>>> print(open('upload_30.txt').read())   # compact mmCIF, C-alpha atoms
# COMPACT_ATOMS: atom_id res chain seq x y z
CA LYS A 1 0.00 0.00 0.00
CA TRP A 2 1.28 3.49 -0.75
CA ARG A 3 0.20 7.12 -0.78
CA PHE A 4 1.56 10.49 -1.82
CA VAL A 5 2.78 12.77 0.98
CA GLU A 6 3.36 16.50 0.45
CA GLU A 7 5.03 17.40 3.75
CA PRO A 8 6.80 14.46 5.39
CA LEU A 9 8.54 14.87 8.73
CA ASP A 10 12.14 14.92 7.45
CA PHE A 11 11.78 16.74 4.11
CA PRO A 12 10.73 20.20 2.95
CA LYS A 13 7.19 20.64 1.64
CA LYS A 14 6.88 19.88 -2.08
CA SER A 15 4.08 19.37 -4.56
CA MET A 16 2.09 16.15 -4.84
CA GLY A 17 4.22 13.39 -6.37
CA ALA A 18 7.56 14.41 -4.86
CA TYR A 19 7.23 11.94 -1.95
CA ILE A 20 5.72 8.50 -1.51
CA ARG A 21 4.95 6.77 1.80
CA LEU A 22 4.76 2.97 1.73
CA THR A 23 2.94 0.91 4.33
CA VAL A 24 4.31 -2.61 4.85
CA ASP A 25 2.60 -5.04 7.24
CA GLY A 26 0.48 -2.18 8.62
CA ARG A 27 3.44 0.14 9.35
CA ASP A 28 4.63 3.21 7.50
CA ILE A 29 8.26 3.06 6.48
CA PRO A 30 10.38 6.21 6.09
CA THR A 31 9.26 8.37 3.18
CA TYR A 32 10.68 7.85 -0.30
CA ALA A 33 11.78 10.95 -2.22
CA VAL A 34 10.98 10.69 -5.93
CA HIS A 35 13.66 11.91 -8.37
CA ARG A 36 14.18 11.79 -12.12
CA ASP A 37 16.96 9.52 -13.38
CA PRO A 38 20.17 11.60 -13.15
CA THR A 39 21.20 10.44 -16.64
CA ASN A 40 18.04 11.93 -18.22
CA SER A 41 16.67 8.63 -19.50
CA TRP A 42 13.05 9.45 -18.45
CA GLY A 43 13.31 7.00 -15.60
CA PHE A 44 12.76 7.68 -11.92
CA ILE A 45 14.41 6.84 -8.61
CA LEU A 46 12.74 6.37 -5.22
CA GLN A 47 15.12 6.71 -2.30
CA ASN A 48 14.87 6.83 1.46
CA CYS A 49 17.44 6.41 4.22
CA TRP A 50 17.42 2.63 3.83
CA GLY A 51 16.98 1.88 0.15
CA VAL A 52 16.76 2.78 -3.50
CA PHE A 53 14.26 1.66 -6.13
CA ALA A 54 14.48 2.63 -9.80
CA SER A 55 12.43 2.24 -12.95
CA PHE A 56 15.56 1.05 -14.72
CA GLU A 57 18.26 -1.51 -14.01
CA LEU A 58 20.67 -0.15 -11.42
CA PRO A 59 24.38 -0.65 -12.04
CA ARG A 60 26.18 -3.18 -9.88
CA ARG A 61 28.07 -1.84 -6.89
CA LYS A 62 31.80 -1.45 -7.39
CA LEU A 63 33.81 -4.27 -5.90
CA PRO A 64 37.13 -3.55 -4.22
CA VAL A 65 40.09 -4.23 -6.48
CA SER A 66 41.92 -7.36 -5.41
CA SER A 67 45.68 -7.52 -5.90
CA THR A 68 45.44 -11.26 -6.60
CA HIS A 69 42.66 -11.04 -9.20
CA THR A 70 43.17 -9.45 -12.60
CA THR A 71 40.92 -9.20 -15.61
CA SER A 72 41.69 -8.36 -19.20
CA THR A 73 39.76 -5.65 -21.03
CA PRO A 74 38.61 -6.54 -24.54
CA ALA A 75 39.13 -4.08 -27.39
CA LEU A 76 36.16 -1.73 -27.79
CA ASP A 77 34.69 -0.21 -30.92
CA GLU A 78 33.20 3.33 -30.85
CA SER A 79 29.61 2.29 -30.05
CA SER A 80 30.78 -0.04 -27.27
CA LEU A 81 32.90 2.76 -25.85
CA THR A 82 29.89 5.13 -25.87
CA ASN A 83 27.72 2.52 -24.12
CA GLN A 84 30.47 1.80 -21.58
CA THR A 85 30.93 5.55 -20.93
CA SER A 86 27.16 5.92 -20.41
CA ARG A 87 27.11 2.98 -17.98
CA LEU A 88 30.10 4.38 -16.08
CA ALA A 89 28.47 7.83 -15.88
CA LYS A 90 25.25 6.30 -14.55
CA ARG A 91 27.18 4.18 -12.05
CA GLU A 92 29.04 7.25 -10.80
CA LEU A 93 25.83 9.29 -10.52
CA LEU A 94 24.21 6.49 -8.51
CA GLU A 95 27.06 5.88 -6.04
CA ASP A 96 25.93 5.88 -2.40
CA SER A 97 27.86 9.09 -1.74
CA ARG A 98 25.91 10.87 -4.51
CA LEU A 99 22.45 9.85 -3.23
CA SER A 100 20.74 12.67 -1.37
CA VAL A 101 18.80 10.76 1.30
CA ASN A 102 20.53 9.10 4.26
CA THR A 103 19.95 8.50 7.96
CA GLN A 104 21.63 11.80 8.86
CA TRP A 105 18.94 13.56 6.83
CA GLN A 106 16.00 11.26 7.62
CA TRP A 107 16.78 10.28 11.22
CA ARG A 108 13.44 11.24 12.79
CA GLU A 109 11.30 8.98 10.60
CA ALA A 110 13.83 6.14 11.00
CA LEU A 111 13.80 6.62 14.78
CA LEU A 112 10.01 6.54 14.98
CA TYR A 113 9.89 3.44 12.77
CA ASN A 114 12.49 1.71 14.93
CA PHE A 115 10.47 2.60 18.04
CA GLY A 116 7.51 0.76 16.48
CA CYS A 117 5.36 3.65 15.26
CA ALA A 118 2.67 2.42 12.88
CA ILE A 119 1.87 5.79 11.28
CA LEU A 120 4.64 8.28 10.61
CA PRO A 121 3.62 11.92 10.98
CA ASP A 122 3.30 14.32 8.07
CA GLY A 123 1.74 17.70 7.45
CA PRO A 124 2.46 21.24 8.58
CA ARG A 125 2.75 20.44 12.30
CA ALA A 126 4.68 17.15 12.09
CA ALA A 127 8.13 18.63 12.72
CA GLU A 128 6.85 20.89 15.50
CA GLU A 129 5.15 17.97 17.27
CA PHE A 130 8.22 15.78 16.90
CA GLU A 131 10.51 18.51 18.29
CA HIS A 132 8.19 19.03 21.26
CA ALA A 133 8.18 15.28 22.01
CA TRP A 134 11.95 15.05 21.48
CA ARG A 135 12.59 17.87 23.98
CA ARG A 136 10.37 16.04 26.49
CA VAL A 137 12.34 12.84 25.92
CA GLN A 138 15.60 14.66 26.52
CA SER A 139 14.40 16.52 29.61
CA LEU A 140 12.30 13.78 31.25
CA GLY A 141 14.21 10.70 30.21
CA MET A 142 11.12 9.20 28.50
CA SER A 143 11.39 5.61 27.32
CA SER A 144 10.80 4.50 23.75
CA GLU A 145 7.42 3.09 24.86
CA GLU A 146 6.37 6.53 26.10
CA ILE A 147 7.46 8.12 22.82
CA LEU A 148 5.49 5.50 20.90
CA ARG A 149 2.34 6.13 22.97
CA ARG A 150 2.68 9.87 22.31
CA TYR A 151 2.90 9.44 18.54
CA GLN A 152 0.29 6.69 18.35
CA SER A 153 -2.20 9.03 20.03
CA PHE A 154 -1.97 11.58 17.16
CA GLN A 155 -4.64 11.42 14.48
CA TYR A 156 -2.97 11.97 11.11
>>> encode(input="upload_30.txt", output="structure tokens")
Amino acid sequence: KWRFVEEPLDFPKKSMGAYIRLTVDGRDIPTYAVHRDPTNSWGFILQNCWGVFASFELPRRKLPVSSTHTTSTPALDESSLTNQTSRLAKRELLEDSRLSVNTQWQWREALLYNFGCAILPDGPRAAEEFEHAWRRVQSLGMSSEEILRRYQSFQY
């Protein structure tokens, strides 16, 4: 199950279609940001702090170079070179370090999910409500169960 979200907790407000919230086994997972394929192939990428989905085949992750394993490179004609350059450009654009969403950016939704929250907050007051609860946690030493009760009592 999924739905569009315009103002998720950890992202700035954007128009409908910029964010998608998935519900898996009755629980919201951290919001996916929707982006166009960085290589302009009319594809799209969904990314959150824990994963990436794409409408096209993603390149394989680079493997560390082993000093004991060598490979030979076959001779390439011009069209093969262009295709290889395109694949290398896409691979570089899709490296983990180039992706814009991570747990440093999306920590609040990840935290709430890990505490067992079924519905992640969104809307104009989501960040304000989270900050209020977070300050209470810090000042009162609230447990994760208390945080969960607080957020489960909201009607989103």
>>> closest_residue(input="upload_30.txt", among="A:Phe44, A:Glu6, A:Ile29, A:His132", to="Leu111 (chain A)", atoms="all atoms listed in the file")
A:Ile29
>>> closest_residue(input="upload_30.txt", among="A:Glu146, A:Glu109, A:Asp122, A:Glu131", to="Asn48 (chain A)", atoms="all atoms listed in the file")
A:Glu109
>>> atom_distance(input="upload_30.txt", atom1="CA of Asn102 (chain A)", atom2="CA of Ala54 (chain A)")
16.6 Å
>>> atom_distance(input="upload_30.txt", atom1="CA of Thr31 (chain A)", atom2="CA of Glu145 (chain A)")
22.4 Å
>>> residues_near_point(input="upload_30.txt", point="(5.7, 15.7, 13.4)", cutoff="10 Å", atoms="all atoms listed in the file", output="ChimeraX atom specification")
/A:7-10,108-109,120-133,151,154,156
